[in-house]
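Asks: I am sharing structure.cif, which consists of mmCIF, C-alpha atoms:
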```cif
data_coords
loop_
_atom_site.group_PDB
_atom_site.id
_atom_site.type_symbol
_atom_site.label_atom_id
_atom_site.label_comp_id
_atom_site.auth_asym_id
_atom_site.auth_seq_id
_atom_site.Cartn_x
_atom_site.Cartn_y
_atom_site.Cartn_z
ATOM 1 C CA MET B 1 -46.619 157.939 -85.236
ATOM 2 C CA SER B 2 -47.116 159.367 -81.754
ATOM 3 C CA ARG B 3 -50.116 161.536 -81.011
ATOM 4 C CA THR B 4 -47.732 164.393 -80.263
ATOM 5 C CA ALA B 5 -46.175 164.123 -83.722
ATOM 6 C CA THR B 6 -49.619 164.157 -85.324
ATOM 7 C CA GLU B 7 -50.611 167.272 -83.389
ATOM 8 C CA ILE B 8 -47.358 169.020 -84.298
ATOM 9 C CA ALA B 9 -48.126 168.559 -87.986
ATOM 10 C CA THR B 10 -51.500 170.330 -87.700
ATOM 11 C CA GLN B 11 -50.056 173.664 -86.586
ATOM 12 C CA PRO B 12 -50.119 175.510 -89.933
ATOM 13 C CA ALA B 13 -53.885 174.969 -90.191
ATOM 14 C CA CYS B 14 -54.377 175.930 -86.538
ATOM 15 C CA TRP B 15 -52.506 179.201 -87.011
ATOM 16 C CA ARG B 16 -54.576 180.134 -90.038
ATOM 17 C CA ARG B 17 -57.760 179.478 -88.094
ATOM 18 C CA ALA B 18 -56.455 181.590 -85.209
ATOM 19 C CA ALA B 19 -55.843 184.495 -87.594
ATOM 20 C CA ARG B 20 -59.465 184.279 -88.726
ATOM 21 C CA ALA B 21 -60.936 183.780 -85.261
ATOM 22 C CA VAL B 22 -59.271 186.820 -83.679
ATOM 23 C CA VAL B 23 -61.163 189.154 -86.016
ATOM 24 C CA ASP B 24 -64.408 188.531 -84.120
ATOM 25 C CA PHE B 25 -62.944 188.523 -80.615
ATOM 26 C CA GLY B 26 -63.247 191.736 -78.654
ATOM 27 C CA GLY B 27 -61.417 190.815 -75.474
ATOM 28 C CA LEU B 28 -57.798 191.480 -76.420
ATOM 29 C CA PRO B 29 -55.823 194.382 -74.955
ATOM 30 C CA ARG B 30 -56.443 197.737 -76.605
ATOM 31 C CA PRO B 31 -53.592 199.946 -77.796
ATOM 32 C CA GLY B 32 -52.334 202.077 -74.950
ATOM 33 C CA GLU B 33 -53.442 199.755 -72.162
ATOM 34 C CA ARG B 34 -50.898 198.671 -69.570
ATOM 35 C CA VAL B 35 -51.087 194.890 -69.695
ATOM 36 C CA ALA B 36 -49.719 191.871 -67.845
ATOM 37 C CA VAL B 37 -49.719 188.398 -69.414
ATOM 38 C CA THR B 38 -49.468 185.262 -67.329
ATOM 39 C CA GLY B 39 -49.450 181.481 -67.443
ATOM 40 C CA CYS B 40 -47.543 178.467 -66.177
ATOM 41 C CA GLY B 41 -44.837 176.470 -67.919
ATOM 42 C CA THR B 42 -45.236 176.624 -71.686
ATOM 43 C CA SER B 43 -48.030 179.189 -71.372
ATOM 44 C CA TRP B 44 -45.710 181.489 -69.436
ATOM 45 C CA PHE B 45 -43.141 181.328 -72.238
ATOM 46 C CA MET B 46 -45.825 182.204 -74.788
ATOM 47 C CA ALA B 47 -46.760 185.120 -72.512
ATOM 48 C CA ILE B 48 -43.141 186.319 -72.594
ATOM 49 C CA ALA B 49 -43.120 186.202 -76.397
ATOM 50 C CA TYR B 50 -46.438 188.064 -76.717
ATOM 51 C CA ALA B 51 -45.431 190.730 -74.202
ATOM 52 C CA ALA B 52 -42.297 191.531 -76.196
ATOM 53 C CA LEU B 53 -44.254 191.544 -79.477
ATOM 54 C CA ARG B 54 -46.900 193.916 -78.127
ATOM 55 C CA GLU B 55 -44.314 196.377 -76.885
ATOM 56 C CA ALA B 56 -42.400 196.147 -80.162
ATOM 57 C CA ALA B 57 -45.652 196.965 -81.958
ATOM 58 C CA GLY B 58 -45.921 200.157 -79.900
ATOM 59 C CA GLN B 59 -49.229 199.140 -78.333
ATOM 60 C CA GLY B 60 -48.323 199.724 -74.721
ATOM 61 C CA GLU B 61 -46.272 198.578 -71.761
ATOM 62 C CA THR B 62 -46.623 194.803 -71.413
ATOM 63 C CA ASP B 63 -45.185 192.556 -68.720
ATOM 64 C CA ALA B 64 -45.150 188.768 -68.451
ATOM 65 C CA PHE B 65 -45.051 186.728 -65.253
ATOM 66 C CA ALA B 66 -45.409 183.146 -64.146
ATOM 67 C CA ALA B 67 -48.788 183.009 -62.412
ATOM 68 C CA SER B 68 -47.166 181.897 -59.161
ATOM 69 C CA GLU B 69 -44.852 184.937 -59.168
ATOM 70 C CA PHE B 70 -47.301 187.624 -60.299
ATOM 71 C CA PRO B 71 -46.760 190.947 -58.478
ATOM 72 C CA VAL B 72 -50.392 191.541 -57.552
ATOM 73 C CA GLY B 73 -49.628 194.938 -56.050
ATOM 74 C CA ARG B 74 -48.864 196.449 -59.459
ATOM 75 C CA SER B 75 -51.459 198.366 -61.439
ATOM 76 C CA TYR B 76 -52.593 197.094 -64.840
ATOM 77 C CA ASP B 77 -55.432 197.945 -67.206
ATOM 78 C CA ARG B 78 -55.878 194.288 -68.212
ATOM 79 C CA VAL B 79 -54.495 190.871 -67.307
ATOM 80 C CA VAL B 80 -54.303 188.149 -69.962
ATOM 81 C CA ALA B 81 -53.993 184.511 -68.869
ATOM 82 C CA ILE B 82 -53.044 181.567 -71.079
ATOM 83 C CA THR B 83 -54.130 178.142 -69.817
ATOM 84 C CA ARG B 84 -54.700 175.155 -72.067
ATOM 85 C CA SER B 85 -56.555 173.100 -69.489
ATOM 86 C CA GLY B 86 -58.412 175.949 -67.815
ATOM 87 C CA THR B 87 -57.860 174.200 -64.482
ATOM 88 C CA THR B 88 -54.369 175.278 -63.396
ATOM 89 C CA THR B 89 -54.550 176.278 -59.754
ATOM 90 C CA GLU B 90 -52.153 179.241 -59.835
ATOM 91 C CA VAL B 91 -53.935 180.824 -62.819
ATOM 92 C CA LEU B 92 -57.408 180.396 -61.316
ATOM 93 C CA ASP B 93 -56.285 181.811 -57.975
ATOM 94 C CA LEU B 94 -54.751 184.818 -59.682
ATOM 95 C CA LEU B 95 -57.857 185.546 -61.765
ATOM 96 C CA ALA B 96 -59.981 185.325 -58.627
ATOM 97 C CA ARG B 97 -57.851 188.031 -57.009
ATOM 98 C CA PHE B 98 -58.498 190.370 -59.936
ATOM 99 C CA LYS B 99 -62.232 189.641 -60.240
ATOM 100 C CA GLY B 100 -64.184 192.893 -60.208
ATOM 101 C CA ARG B 101 -61.009 195.008 -59.978
ATOM 102 C CA VAL B 102 -59.105 194.523 -63.223
ATOM 103 C CA PRO B 103 -60.504 193.302 -66.587
ATOM 104 C CA THR B 104 -59.197 189.843 -67.385
ATOM 105 C CA THR B 105 -58.961 187.779 -70.562
ATOM 106 C CA ALA B 106 -58.211 184.071 -70.758
ATOM 107 C CA LEU B 107 -57.164 181.858 -73.660
ATOM 108 C CA THR B 108 -58.017 178.196 -73.173
ATOM 109 C CA ALA B 109 -58.617 175.014 -75.135
ATOM 110 C CA ASP B 110 -61.614 173.716 -73.181
ATOM 111 C CA PRO B 111 -64.920 175.609 -72.783
ATOM 112 C CA ALA B 112 -66.068 173.330 -69.948
ATOM 113 C CA THR B 113 -63.442 174.325 -67.395
ATOM 114 C CA PRO B 114 -63.384 176.768 -64.449
ATOM 115 C CA VAL B 115 -61.424 179.468 -66.272
ATOM 116 C CA THR B 116 -64.464 180.280 -68.416
ATOM 117 C CA HIS B 117 -66.123 181.618 -65.260
ATOM 118 C CA ALA B 118 -62.990 183.064 -63.672
ATOM 119 C CA ALA B 119 -62.134 185.486 -66.499
ATOM 120 C CA ASP B 120 -64.201 188.362 -67.870
ATOM 121 C CA GLU B 121 -63.429 187.515 -71.516
ATOM 122 C CA VAL B 122 -62.552 184.042 -72.795
ATOM 123 C CA ALA B 123 -61.184 182.936 -76.155
ATOM 124 C CA VAL B 124 -61.772 179.205 -76.589
ATOM 125 C CA LEU B 125 -59.285 177.710 -79.052
ATOM 126 C CA ASP B 126 -60.753 174.233 -78.833
ATOM 127 C CA TRP B 127 -59.665 173.269 -82.340
ATOM 128 C CA ALA B 128 -56.075 173.442 -81.050
ATOM 129 C CA ASP B 129 -56.620 171.282 -77.960
ATOM 130 C CA GLU B 130 -54.358 168.277 -77.520
ATOM 131 C CA GLU B 131 -54.501 164.718 -76.280
ATOM 132 C CA SER B 132 -50.792 164.671 -75.501
ATOM 133 C CA VAL B 133 -49.530 165.967 -72.169
ATOM 134 C CA VAL B 134 -46.732 167.993 -73.764
ATOM 135 C CA GLN B 135 -48.043 171.223 -75.286
ATOM 136 C CA THR B 136 -47.251 171.933 -78.905
ATOM 137 C CA ARG B 137 -50.072 173.180 -81.110
ATOM 138 C CA PHE B 138 -52.155 174.886 -78.404
ATOM 139 C CA ALA B 139 -49.204 176.970 -77.272
ATOM 140 C CA THR B 140 -48.256 178.176 -80.736
ATOM 141 C CA THR B 141 -51.903 178.687 -81.726
ATOM 142 C CA ALA B 142 -52.486 180.853 -78.655
ATOM 143 C CA LEU B 143 -49.452 182.928 -79.606
ATOM 144 C CA ALA B 144 -50.638 183.082 -83.228
ATOM 145 C CA PHE B 145 -54.047 184.327 -82.006
ATOM 146 C CA LEU B 146 -52.495 187.051 -79.854
ATOM 147 C CA ARG B 147 -49.969 187.944 -82.530
ATOM 148 C CA ALA B 148 -52.634 188.287 -85.215
ATOM 149 C CA GLY B 149 -54.613 190.516 -82.865
ATOM 150 C CA LEU B 150 -51.784 193.061 -82.917
ATOM 151 C CA GLY B 151 -52.297 193.747 -86.604
ATOM 152 C CA PRO B 152 -49.317 194.598 -88.822
ATOM 153 C CA VAL B 153 -46.023 194.773 -86.920
ATOM 154 C CA PRO B 154 -42.919 196.156 -88.685
ATOM 155 C CA GLY B 155 -40.428 193.410 -89.418
ATOM 156 C CA LEU B 156 -42.883 190.629 -88.518
ATOM 157 C CA LYS B 157 -44.655 188.385 -90.996
ATOM 158 C CA PRO B 158 -48.439 188.044 -90.903
ATOM 159 C CA VAL B 159 -49.538 184.839 -89.179
ATOM 160 C CA THR B 160 -50.762 183.425 -92.488
ATOM 161 C CA GLU B 161 -47.235 183.728 -93.904
ATOM 162 C CA ALA B 162 -45.782 182.183 -90.758
ATOM 163 C CA ALA B 163 -48.081 179.219 -91.427
ATOM 164 C CA VAL B 164 -46.453 178.764 -94.844
ATOM 165 C CA ASP B 165 -43.048 178.562 -93.171
ATOM 166 C CA ALA B 166 -44.491 176.076 -90.668
ATOM 167 C CA GLU B 167 -45.574 173.810 -93.514
ATOM 168 C CA LEU B 168 -41.905 173.498 -94.462
ATOM 169 C CA ALA B 169 -40.942 172.977 -90.840
ATOM 170 C CA VAL B 170 -43.196 169.936 -90.464
ATOM 171 C CA THR B 171 -41.896 168.209 -93.596
ATOM 172 C CA GLU B 172 -38.242 169.028 -94.277
ATOM 173 C CA PRO B 173 -35.408 167.030 -92.665
ATOM 174 C CA LEU B 174 -34.179 168.133 -89.263
ATOM 175 C CA PRO B 175 -30.651 169.575 -88.993
ATOM 176 C CA GLU B 176 -28.210 166.670 -88.727
ATOM 177 C CA ALA B 177 -26.077 168.454 -86.133
ATOM 178 C CA ALA B 178 -29.101 168.906 -83.882
ATOM 179 C CA VAL B 179 -30.256 165.308 -84.202
ATOM 180 C CA GLY B 180 -26.838 163.944 -83.288
ATOM 181 C CA ALA B 181 -25.978 166.379 -80.507
ATOM 182 C CA GLU B 182 -25.608 165.619 -76.800
ATOM 183 C CA GLN B 183 -26.532 169.117 -75.588
ATOM 184 C CA TRP B 184 -28.552 172.043 -76.973
ATOM 185 C CA THR B 185 -28.536 175.756 -76.084
ATOM 186 C CA PHE B 186 -31.441 177.815 -77.464
ATOM 187 C CA LEU B 187 -31.042 181.544 -78.017
ATOM 188 C CA GLY B 188 -33.380 184.385 -78.948
ATOM 189 C CA ARG B 189 -33.743 188.149 -78.892
ATOM 190 C CA GLY B 190 -36.843 190.173 -78.081
ATOM 191 C CA TRP B 191 -39.951 188.057 -78.550
ATOM 192 C CA THR B 192 -37.972 185.046 -79.747
ATOM 193 C CA TYR B 193 -36.383 184.683 -76.316
ATOM 194 C CA GLY B 194 -39.754 183.286 -75.189
ATOM 195 C CA LEU B 195 -39.547 180.772 -78.035
ATOM 196 C CA ALA B 196 -36.021 179.793 -76.978
ATOM 197 C CA LEU B 197 -37.238 179.144 -73.436
ATOM 198 C CA GLU B 198 -40.071 177.010 -74.775
ATOM 199 C CA ALA B 199 -37.728 175.069 -77.069
ATOM 200 C CA GLY B 200 -35.566 174.125 -74.105
ATOM 201 C CA LEU B 201 -38.588 173.093 -72.066
ATOM 202 C CA LYS B 202 -39.956 170.954 -74.889
ATOM 203 C CA MET B 203 -36.707 169.043 -75.191
ATOM 204 C CA ARG B 204 -36.567 168.459 -71.440
ATOM 205 C CA GLU B 205 -40.203 167.395 -71.189
ATOM 206 C CA ALA B 206 -40.410 165.016 -74.130
ATOM 207 C CA ALA B 207 -36.853 163.718 -74.418
ATOM 208 C CA GLY B 208 -35.275 164.286 -70.994
ATOM 209 C CA ALA B 209 -32.585 166.228 -72.854
ATOM 210 C CA TRP B 210 -29.892 168.519 -71.453
ATOM 211 C CA THR B 211 -30.904 171.936 -72.728
ATOM 212 C CA GLU B 212 -30.478 175.569 -71.756
ATOM 213 C CA ALA B 213 -31.941 178.851 -73.043
ATOM 214 C CA TYR B 214 -30.665 182.428 -72.905
ATOM 215 C CA PRO B 215 -31.044 185.831 -74.542
ATOM 216 C CA ALA B 216 -28.759 185.619 -77.558
ATOM 217 C CA MET B 217 -26.468 188.477 -76.544
ATOM 218 C CA GLU B 218 -26.065 186.994 -73.049
ATOM 219 C CA TYR B 219 -24.694 183.787 -74.520
ATOM 220 C CA ARG B 220 -21.209 185.308 -74.671
ATOM 221 C CA HIS B 221 -21.332 186.215 -70.972
ATOM 222 C CA GLY B 222 -20.795 182.734 -69.614
ATOM 223 C CA PRO B 223 -23.159 180.217 -71.271
ATOM 224 C CA ILE B 224 -20.820 179.764 -74.242
ATOM 225 C CA ALA B 225 -18.579 177.845 -71.831
ATOM 226 C CA ILE B 226 -20.860 174.832 -72.188
ATOM 227 C CA THR B 227 -20.550 174.731 -75.989
ATOM 228 C CA GLY B 228 -18.130 172.384 -77.706
ATOM 229 C CA ALA B 229 -17.928 169.381 -79.993
ATOM 230 C CA GLY B 230 -21.227 167.522 -80.170
ATOM 231 C CA ARG B 231 -23.148 170.471 -78.752
ATOM 232 C CA VAL B 232 -25.487 172.860 -80.543
ATOM 233 C CA ALA B 233 -26.345 176.541 -80.272
ATOM 234 C CA TRP B 234 -29.751 177.065 -81.931
ATOM 235 C CA VAL B 235 -30.729 180.670 -82.655
ATOM 236 C CA PHE B 236 -34.343 181.784 -83.132
ATOM 237 C CA GLY B 237 -34.673 184.728 -85.495
ATOM 238 C CA GLU B 238 -31.881 187.157 -86.262
ATOM 239 C CA LEU B 239 -28.324 185.920 -85.819
ATOM 240 C CA PRO B 240 -26.265 188.397 -83.759
ATOM 241 C CA GLU B 241 -23.156 189.625 -85.505
ATOM 242 C CA GLY B 242 -20.092 187.566 -84.676
ATOM 243 C CA LEU B 243 -21.955 184.773 -82.915
ATOM 244 C CA SER B 244 -21.399 182.238 -85.688
ATOM 245 C CA GLY B 245 -17.638 182.666 -85.447
ATOM 246 C CA GLU B 246 -17.659 182.343 -81.670
ATOM 247 C CA VAL B 247 -19.644 179.093 -81.756
ATOM 248 C CA GLY B 248 -17.278 177.730 -84.373
ATOM 249 C CA ARG B 249 -14.236 178.810 -82.379
ATOM 250 C CA VAL B 250 -15.230 176.636 -79.419
ATOM 251 C CA GLY B 251 -16.091 173.654 -81.629
ATOM 252 C CA GLY B 252 -19.872 173.830 -81.435
ATOM 253 C CA SER B 253 -22.471 173.609 -84.185
ATOM 254 C CA LEU B 254 -24.769 176.527 -85.019
ATOM 255 C CA VAL B 255 -28.371 176.070 -86.156
ATOM 256 C CA VAL B 256 -30.238 179.087 -87.532
ATOM 257 C CA HIS B 257 -33.032 179.405 -90.107
ATOM 258 C CA GLN B 258 -32.756 183.018 -91.205
ATOM 259 C CA GLY B 259 -35.649 184.316 -93.268
ATOM 260 C CA GLY B 260 -38.139 181.804 -91.903
ATOM 261 C CA ASP B 261 -40.586 182.714 -89.184
ATOM 262 C CA PRO B 262 -39.225 181.920 -85.695
ATOM 263 C CA MET B 263 -42.506 180.266 -84.688
ATOM 264 C CA ALA B 264 -41.980 177.795 -87.517
ATOM 265 C CA ASP B 265 -38.507 177.144 -86.140
ATOM 266 C CA LEU B 266 -40.100 176.166 -82.824
ATOM 267 C CA VAL B 267 -42.033 173.512 -84.742
ATOM 268 C CA ARG B 268 -38.690 172.015 -85.786
ATOM 269 C CA VAL B 269 -37.608 171.773 -82.178
ATOM 270 C CA GLN B 270 -40.897 170.104 -81.257
ATOM 271 C CA ARG B 271 -40.221 167.500 -83.945
ATOM 272 C CA LEU B 272 -36.653 167.094 -82.710
ATOM 273 C CA ALA B 273 -37.891 166.487 -79.167
ATOM 274 C CA VAL B 274 -40.230 163.734 -80.360
ATOM 275 C CA GLU B 275 -37.536 162.071 -82.452
ATOM 276 C CA LEU B 276 -35.023 162.072 -79.612
ATOM 277 C CA ALA B 277 -37.637 160.753 -77.184
ATOM 278 C CA GLU B 278 -38.456 157.843 -79.460
ATOM 279 C CA ARG B 279 -34.764 157.047 -79.969
ATOM 280 C CA LYS B 280 -34.419 156.764 -76.192
ATOM 281 C CA GLY B 281 -37.469 154.542 -75.938
ATOM 282 C CA PHE B 282 -39.579 157.234 -74.251
ATOM 283 C CA ASP B 283 -43.251 157.815 -74.995
ATOM 284 C CA PRO B 284 -43.531 161.488 -76.070
ATOM 285 C CA ASP B 285 -47.284 161.403 -75.429
ATOM 286 C CA ARG B 286 -46.734 160.508 -71.763
ATOM 287 C CA PRO B 287 -43.599 162.236 -70.493
ATOM 288 C CA ARG B 288 -42.119 161.289 -67.161
ATOM 289 C CA ASN B 289 -43.373 163.049 -64.036
ATOM 290 C CA LEU B 290 -45.851 165.273 -65.910
ATOM 291 C CA SER B 291 -49.627 165.627 -66.159
ATOM 292 C CA ARG B 292 -51.876 167.703 -68.401
ATOM 293 C CA SER B 293 -52.631 170.216 -65.654
ATOM 294 C CA VAL B 294 -51.146 171.050 -62.262
ATOM 295 C CA ILE B 295 -53.989 171.168 -59.734
ATOM 296 C CA LEU B 296 -52.806 171.893 -56.200
ATOM 297 C CA PRO B 297 -54.628 170.640 -53.097
#
```
When written as structure tokens, how does the structure in this file appear?
Replies:
Amino acid sequence: MSRTATEIATQPACWRRAARAVVDFGGLPRPGERVAVTGCGTSWFMAIAYAALREAAGQGETDAFAASEFPVGRSYDRVVAITRSGTTTEVLDLLARFKGRVPTTALTADPATPVTHAADEVAVLDWADEESVVQTRFATTALAFLRAGLGPVPGLKPVTEAAVDAELAVTEPLPEAAVGAEQWTFLGRGWTYGLALEAGLKMREAAGAWTEAYPAMEYRHGPIAITGAGRVAWVFGELPEGLSGEVGRVGGSLVVHQGGDPMADLVRVQRLAVELAERKGFDPDRPRNLSRSVILP
């Protein structure tokens, strides 16, 4: 078993620990604060998901930006950065620009990295760190930590219940249509759009797969043209009315796990990415052209 596959399987325990750890952490955004969340790659997609969750919870205006595209001229009460390595150049540069002007919080997996000095508040989720280059459990654990910090959110399961769904996701068989497909389109609404983006990235990183991701309601406005026989539309969370029929009409296969937590569904895609990588003879622990952290000269 690859190291990535082993790390994927530990996510339910990581999420439960995140739900406990957030209770004693005082650096998360307070209700009413205007907040921006940032990161690079996978961390940016987790930022998108958290921003939508926080707004849905009624806790304040929340934006999400890739660190390299952050609009530094805007006014925020707090900036939250997600960085597994704690060494990503764009994130460190951005935090330096806010030092002494705007309170900053960072989530990282390594306490011995520069981000612990760059941010005002730091949550170290070292139990979720990874040996593999491709992020799986740190990303979802960071989101679980932030999500648990929101408290009860209408229509959203507690993180501990999401962990139960994740236990099924790491053991039950993967959807046959998804395993045998040649192309995958991931769809989400609200906070699950961030998960859809991350699902597509995971498949590209680990398996070199042809994937796309869109807001679910935008799928009808062009992207459905790519769907057909041997191609999958995978929906995170609620299935929009009529979408099933439209996917079927063009000959595609629909994958949706209604009732289960969408974060657990992301675990399924992580497993799918590893399986497809291994079928192609790729090493999912060492994906092509990637490193653990992007450090610019």
Asks: Anything within 12 Å of (-43.6, 195.8, -86.2): list those residues as a list of chain:residue names, counting all atoms listed in the file and sticking to the file's coordinates.
Replies: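 Residues with an atom close enough to that point: B:Ala52, B:Leu53, B:Arg54, B:Glu55, B:Ala56, B:Ala57, B:Gly58, B:Gln59, B:Arg147, B:Ala148, B:Leu150, B:Gly151, B:Pro152, B:Val153, B:Pro154, B:Gly155, B:Leu156, B:Lys157, B:Pro158, B:Gly190, B:Trp191.
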Asks: Between B:Ser244, B:Thr140, B:Thr227, B:Ser132, single out the one closest to Thr6 in chain B, counting all atoms listed in the file.
Replies: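 The closest residue to Thr6 in chain B is B:Ser132.
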Asks: Using only C-alpha atoms, find the one residue out of B:Thr10, B:Val37, B:Arg204, B:Thr87 that sits nearest to Pro71 in chain B.
Replies: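 Result for the nearest residue to Pro71 in chain B: B:Val37.
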Asks: Exactly which residues make up the result of the PyMOL selection byres ((chain B and resi 271) around 12) on this file, given as a PDB file with C-alpha atoms, in the coordinates of the input?
Replies:
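Produced file expr.pdb, reproduced below:
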```
ATOM      1  CA  MET B   1     -46.619 157.939 -85.236  1.00  0.00           C
ATOM      2  CA  SER B   2     -47.116 159.367 -81.754  1.00  0.00           C
ATOM      3  CA  ARG B   3     -50.116 161.536 -81.011  1.00  0.00           C
ATOM      4  CA  THR B   4     -47.732 164.393 -80.263  1.00  0.00           C
ATOM      5  CA  ALA B   5     -46.175 164.123 -83.722  1.00  0.00           C
ATOM      6  CA  THR B   6     -49.619 164.157 -85.324  1.00  0.00           C
ATOM      7  CA  GLU B   7     -50.611 167.272 -83.389  1.00  0.00           C
ATOM      8  CA  ILE B   8     -47.358 169.020 -84.298  1.00  0.00           C
ATOM      9  CA  ALA B   9     -48.126 168.559 -87.986  1.00  0.00           C
ATOM     10  CA  GLN B  11     -50.056 173.664 -86.586  1.00  0.00           C
ATOM     11  CA  THR B 136     -47.251 171.933 -78.905  1.00  0.00           C
ATOM     12  CA  ARG B 137     -50.072 173.180 -81.110  1.00  0.00           C
ATOM     13  CA  ALA B 166     -44.491 176.076 -90.668  1.00  0.00           C
ATOM     14  CA  ALA B 169     -40.942 172.977 -90.840  1.00  0.00           C
ATOM     15  CA  VAL B 170     -43.196 169.936 -90.464  1.00  0.00           C
ATOM     16  CA  THR B 171     -41.896 168.209 -93.596  1.00  0.00           C
ATOM     17  CA  GLU B 172     -38.242 169.028 -94.277  1.00  0.00           C
ATOM     18  CA  PRO B 173     -35.408 167.030 -92.665  1.00  0.00           C
ATOM     19  CA  LEU B 174     -34.179 168.133 -89.263  1.00  0.00           C
ATOM     20  CA  PRO B 175     -30.651 169.575 -88.993  1.00  0.00           C
ATOM     21  CA  ALA B 178     -29.101 168.906 -83.882  1.00  0.00           C
ATOM     22  CA  VAL B 179     -30.256 165.308 -84.202  1.00  0.00           C
ATOM     23  CA  ALA B 199     -37.728 175.069 -77.069  1.00  0.00           C
ATOM     24  CA  LYS B 202     -39.956 170.954 -74.889  1.00  0.00           C
ATOM     25  CA  MET B 203     -36.707 169.043 -75.191  1.00  0.00           C
ATOM     26  CA  ALA B 206     -40.410 165.016 -74.130  1.00  0.00           C
ATOM     27  CA  ALA B 207     -36.853 163.718 -74.418  1.00  0.00           C
ATOM     28  CA  ALA B 264     -41.980 177.795 -87.517  1.00  0.00           C
ATOM     29  CA  ASP B 265     -38.507 177.144 -86.140  1.00  0.00           C
ATOM     30  CA  LEU B 266     -40.100 176.166 -82.824  1.00  0.00           C
ATOM     31  CA  VAL B 267     -42.033 173.512 -84.742  1.00  0.00           C
ATOM     32  CA  ARG B 268     -38.690 172.015 -85.786  1.00  0.00           C
ATOM     33  CA  VAL B 269     -37.608 171.773 -82.178  1.00  0.00           C
ATOM     34  CA  GLN B 270     -40.897 170.104 -81.257  1.00  0.00           C
ATOM     35  CA  LEU B 272     -36.653 167.094 -82.710  1.00  0.00           C
ATOM     36  CA  ALA B 273     -37.891 166.487 -79.167  1.00  0.00           C
ATOM     37  CA  VAL B 274     -40.230 163.734 -80.360  1.00  0.00           C
ATOM     38  CA  GLU B 275     -37.536 162.071 -82.452  1.00  0.00           C
ATOM     39  CA  LEU B 276     -35.023 162.072 -79.612  1.00  0.00           C
ATOM     40  CA  ALA B 277     -37.637 160.753 -77.184  1.00  0.00           C
ATOM     41  CA  GLU B 278     -38.456 157.843 -79.460  1.00  0.00           C
ATOM     42  CA  PRO B 284     -43.531 161.488 -76.070  1.00  0.00           C
TER      43      PRO B 284
END
```
Asks: Residue by residue, what does the PyMOL selection byres ((chain B and resi 20) around 12) grab here? Present the result as a PyMOL selection string.
Replies: chain B and resi 13-19+21-25+125+141+144-149+158-160
Asks: Evaluate the PyMOL selection byres ((chain B and resi 216) around 7) on the structure here and hand back the selected residues as a PyMOL selection string.
Replies: chain B and resi 187-189+214-215+217-219
Asks: So how many Å separate CA of Thr108 in chain B and CA of Gly39 in chain B, to one decimal?
Replies: 10.8 Å
Asks: Can I get the residues of range 87-166 of chain B within 8 Å of range 62-68 of chain B, each with the closest pair of atoms and their distance in Å to one decimal, using all atoms listed in the file, sorted chain first then ascending number, as JSON lines?
Replies:
```
{"residue": "B:Glu90", "atom": "CA", "partner": "B:Ala67", "partner_atom": "CA", "distance": 5.7}
{"residue": "B:Val91", "atom": "CA", "partner": "B:Ala67", "partner_atom": "CA", "distance": 5.6}
{"residue": "B:Leu94", "atom": "CA", "partner": "B:Ala67", "partner_atom": "CA", "distance": 6.8}
```
Asks: Start from the incomplete input, build N, CA, C and O atoms for range 103-110 of chain B, and deliver everything as a PDB file, in the coordinates of the input.
Replies:
```pdb
ATOM      1  N   PRO B 103     -59.990 194.153 -65.505  1.00  0.00           N
ATOM      2  CA  PRO B 103     -60.504 193.302 -66.587  1.00  0.00           C
ATOM      3  C   PRO B 103     -59.518 192.181 -66.911  1.00  0.00           C
ATOM      4  O   PRO B 103     -58.308 192.417 -66.973  1.00  0.00           O
ATOM      5  N   THR B 104     -60.052 190.994 -67.096  1.00  0.00           N
ATOM      6  CA  THR B 104     -59.197 189.843 -67.385  1.00  0.00           C
ATOM      7  C   THR B 104     -59.668 189.127 -68.641  1.00  0.00           C
ATOM      8  O   THR B 104     -60.860 189.070 -68.945  1.00  0.00           O
ATOM      9  N   THR B 105     -58.708 188.568 -69.350  1.00  0.00           N
ATOM     10  CA  THR B 105     -58.961 187.779 -70.562  1.00  0.00           C
ATOM     11  C   THR B 105     -58.216 186.459 -70.433  1.00  0.00           C
ATOM     12  O   THR B 105     -57.059 186.443 -69.999  1.00  0.00           O
ATOM     13  N   ALA B 106     -58.862 185.380 -70.798  1.00  0.00           N
ATOM     14  CA  ALA B 106     -58.211 184.071 -70.758  1.00  0.00           C
ATOM     15  C   ALA B 106     -58.273 183.409 -72.128  1.00  0.00           C
ATOM     16  O   ALA B 106     -59.270 183.535 -72.847  1.00  0.00           O
ATOM     17  N   LEU B 107     -57.200 182.716 -72.481  1.00  0.00           N
ATOM     18  CA  LEU B 107     -57.164 181.858 -73.660  1.00  0.00           C
ATOM     19  C   LEU B 107     -57.080 180.428 -73.166  1.00  0.00           C
ATOM     20  O   LEU B 107     -56.191 180.090 -72.362  1.00  0.00           O
ATOM     21  N   THR B 108     -57.990 179.578 -73.624  1.00  0.00           N
ATOM     22  CA  THR B 108     -58.017 178.196 -73.173  1.00  0.00           C
ATOM     23  C   THR B 108     -58.424 177.286 -74.323  1.00  0.00           C
ATOM     24  O   THR B 108     -58.907 177.752 -75.362  1.00  0.00           O
ATOM     25  N   ALA B 109     -58.244 175.984 -74.107  1.00  0.00           N
ATOM     26  CA  ALA B 109     -58.617 175.014 -75.135  1.00  0.00           C
ATOM     27  C   ALA B 109     -59.919 174.301 -74.823  1.00  0.00           C
ATOM     28  O   ALA B 109     -60.440 173.578 -75.665  1.00  0.00           O
ATOM     29  N   ASP B 110     -60.457 174.491 -73.615  1.00  0.00           N
ATOM     30  CA  ASP B 110     -61.614 173.716 -73.181  1.00  0.00           C
ATOM     31  C   ASP B 110     -62.690 174.655 -72.625  1.00  0.00           C
ATOM     32  O   ASP B 110     -62.476 175.314 -71.609  1.00  0.00           O
TER      33      ASP B 110
END
```
